[in-house]
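Novice: Structure provided below as structure tokens; questions to follow.
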Amino acid sequence: MRPAPSSDVTLAISESLNEALELAAAGDSSEAEQLLAIQVTRLLRHAGRGGHVPEELRERVCVLALELATRTASVPWLDWVIELHLITDAPLSPSLLAALESAKALLSRADGELLTQYLETMQQRHRSLSDADLELVSHLRELRGPR
């Protein structure tokens, strides 16, 4: 059996994300978190297999995950955001970095090895990163603080 095409997987994840947002808006945050956790796992698996993750989808899911991390003080949501960016070899956007700044207290409890690996990977790519992306990576390093 062949795996589903990349666009089919990301479309299904996007639809489920919309459902999770509707559940959260209706006040069913527990169900919304469970649905998002399932989609996060699917997206990580998809990206880990080399599947394309559209930037817009990555951003939407990560914004919601960081909101959950901040609201619930749950570090795994934060770790997941870093892991997805590491797997997809993508720099954090300015809006995600701002959300991380809001969750700065969680960064000290985040998976230090994962965060270090992400920072080192972005630093190794510095010749291909834009000045703005380099600045974002540098800012994340400052937010993380000494390890």
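Residue numbers start at 1 in each chain; chains themselves are named A, B, ... in the order of the structure tokens; ligands are numbered from 1 in the order shown.
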Which residues, written as a VMD selection string, have at least one atom at most 8 Å from Thr121 (chain A), with only C-alpha atoms counted and residues fewer than 3 positions away on the same chain left out?

Specialist: chain A and resid 86 89 117 to 118 124 to 125

Novice: Store the residues of this selection in a file with C-alpha atoms, as a PDB file, in the first residue's frame.

Specialist:
```pdb
ATOM      1  CA  LEU A  86      14.160  20.980  13.297  1.00  0.00           C
ATOM      2  CA  ASP A  89      14.781  22.562   8.635  1.00  0.00           C
ATOM      3  CA  GLN A 117      20.348  20.663  18.188  1.00  0.00           C
ATOM      4  CA  TYR A 118      17.923  23.087  16.542  1.00  0.00           C
ATOM      5  CA  GLN A 124      25.402  25.558  10.487  1.00  0.00           C
ATOM      6  CA  ARG A 125      23.066  26.791   7.767  1.00  0.00           C
TER       7      ARG A 125
END
```

Novice: Using only C-alpha atoms, which residues of region 58-125 of chain A come within 12 Å of region 18-30 of chain A, and what is the closest atom pair for each, with the distance in Å to one decimal? Give it as JSON lines, sorted by chain and residue number.

Specialist:
```
{"residue": "A:Arg60", "atom": "CA", "partner": "A:Asn18", "partner_atom": "CA", "distance": 9.9}
{"residue": "A:Val61", "atom": "CA", "partner": "A:Asn18", "partner_atom": "CA", "distance": 10.0}
{"residue": "A:Val63", "atom": "CA", "partner": "A:Leu21", "partner_atom": "CA", "distance": 11.7}
{"residue": "A:Leu64", "atom": "CA", "partner": "A:Leu21", "partner_atom": "CA", "distance": 8.6}
{"residue": "A:Ala65", "atom": "CA", "partner": "A:Leu21", "partner_atom": "CA", "distance": 11.4}
{"residue": "A:Glu67", "atom": "CA", "partner": "A:Ala24", "partner_atom": "CA", "distance": 11.8}
{"residue": "A:Leu68", "atom": "CA", "partner": "A:Ser29", "partner_atom": "CA", "distance": 9.7}
{"residue": "A:Arg71", "atom": "CA", "partner": "A:Ser29", "partner_atom": "CA", "distance": 11.1}
{"residue": "A:Thr72", "atom": "CA", "partner": "A:Ser29", "partner_atom": "CA", "distance": 10.9}
```

Novice: Report as a PyMOL selection string: the residues of chain A with a DSSP assignment of helix (DSSP H, G or I), based on the backbone of this structure.

Specialist: chain A and resi 6-25+29-48+55-72+75-87+94-102+104-107+112-124+131-144

Novice: One decimal, in Å: what's the spacing between CA of Met122 (chain A) and CA of Ser95 (chain A)?

Specialist: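 Interatomic distance, CA of Met122 (chain A) to CA of Ser95 (chain A): 17.6 Å.
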
Novice: Just checking: using only C-alpha atoms, which residue out of A:Ile82, A:Glu33, A:Leu66, A:Ser7 ends up closest to Val53 (chain A)?

Specialist: A:Ser7

Novice: Restricting the calculation to only C-alpha atoms, which member of A:Gln39, A:Ser138, A:Ser74, A:Thr88 is positioned closest to Val9 (chain A)?

Specialist: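 Closest to Val9 (chain A) of all the choices is A:Gln39.
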
Novice: Excluding same-chain residues fewer than 3 positions from region 103-114 of chain A, what lies within 6 Å of it counting only C-alpha atoms, as a list in words?

Specialist: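 Those residues are Thr70, Val75, Leu100, Gln117 and Arg144 of chain A.
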
Novice: Between A:Ala90, A:Leu57, A:Ala47, A:Ala32, which has the minimum distance to Ile13 (chain A) (counting only C-alpha atoms)?

Specialist: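 Ranked by minimum distance to Ile13 (chain A), first place goes to A:Leu57.
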
Novice: Under the rule that only C-alpha atoms are counted, which of A:Val137, A:Leu143, A:Leu35, A:Leu17 is the nearest residue to Glu101 (chain A)?

Specialist: A:Leu143

Novice: Enter the distance from CA of Glu55 (chain A) to CA of Leu11 (chain A), in Å, rounded to one decimal.

Specialist: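 Going from CA of Glu55 (chain A) over to CA of Leu11 (chain A), I get 12.9 Å.
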
Novice: Do you know which residues are at most 7 Å from Val81 (chain A) counting only C-alpha atoms, after dropping those on the same chain fewer than 4 positions away, and could you put them as a PyMOL selection string?

Specialist: chain A and resi 62+77+85

Novice: Calculated over only C-alpha atoms, which of the candidates A:Thr10, A:Leu84, A:Ser16, A:Pro94 has the smallest distance to Pro54 (chain A)?

Specialist: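 That would be A:Thr10, the residue with the smallest distance to Pro54 (chain A).
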
Novice: Do you have the CA of Leu44 (chain A)-CA of Ala12 (chain A) distance handy?

Specialist: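 Spanning CA of Leu44 (chain A) to CA of Ala12 (chain A) is a straight-line distance of 13.9 Å.
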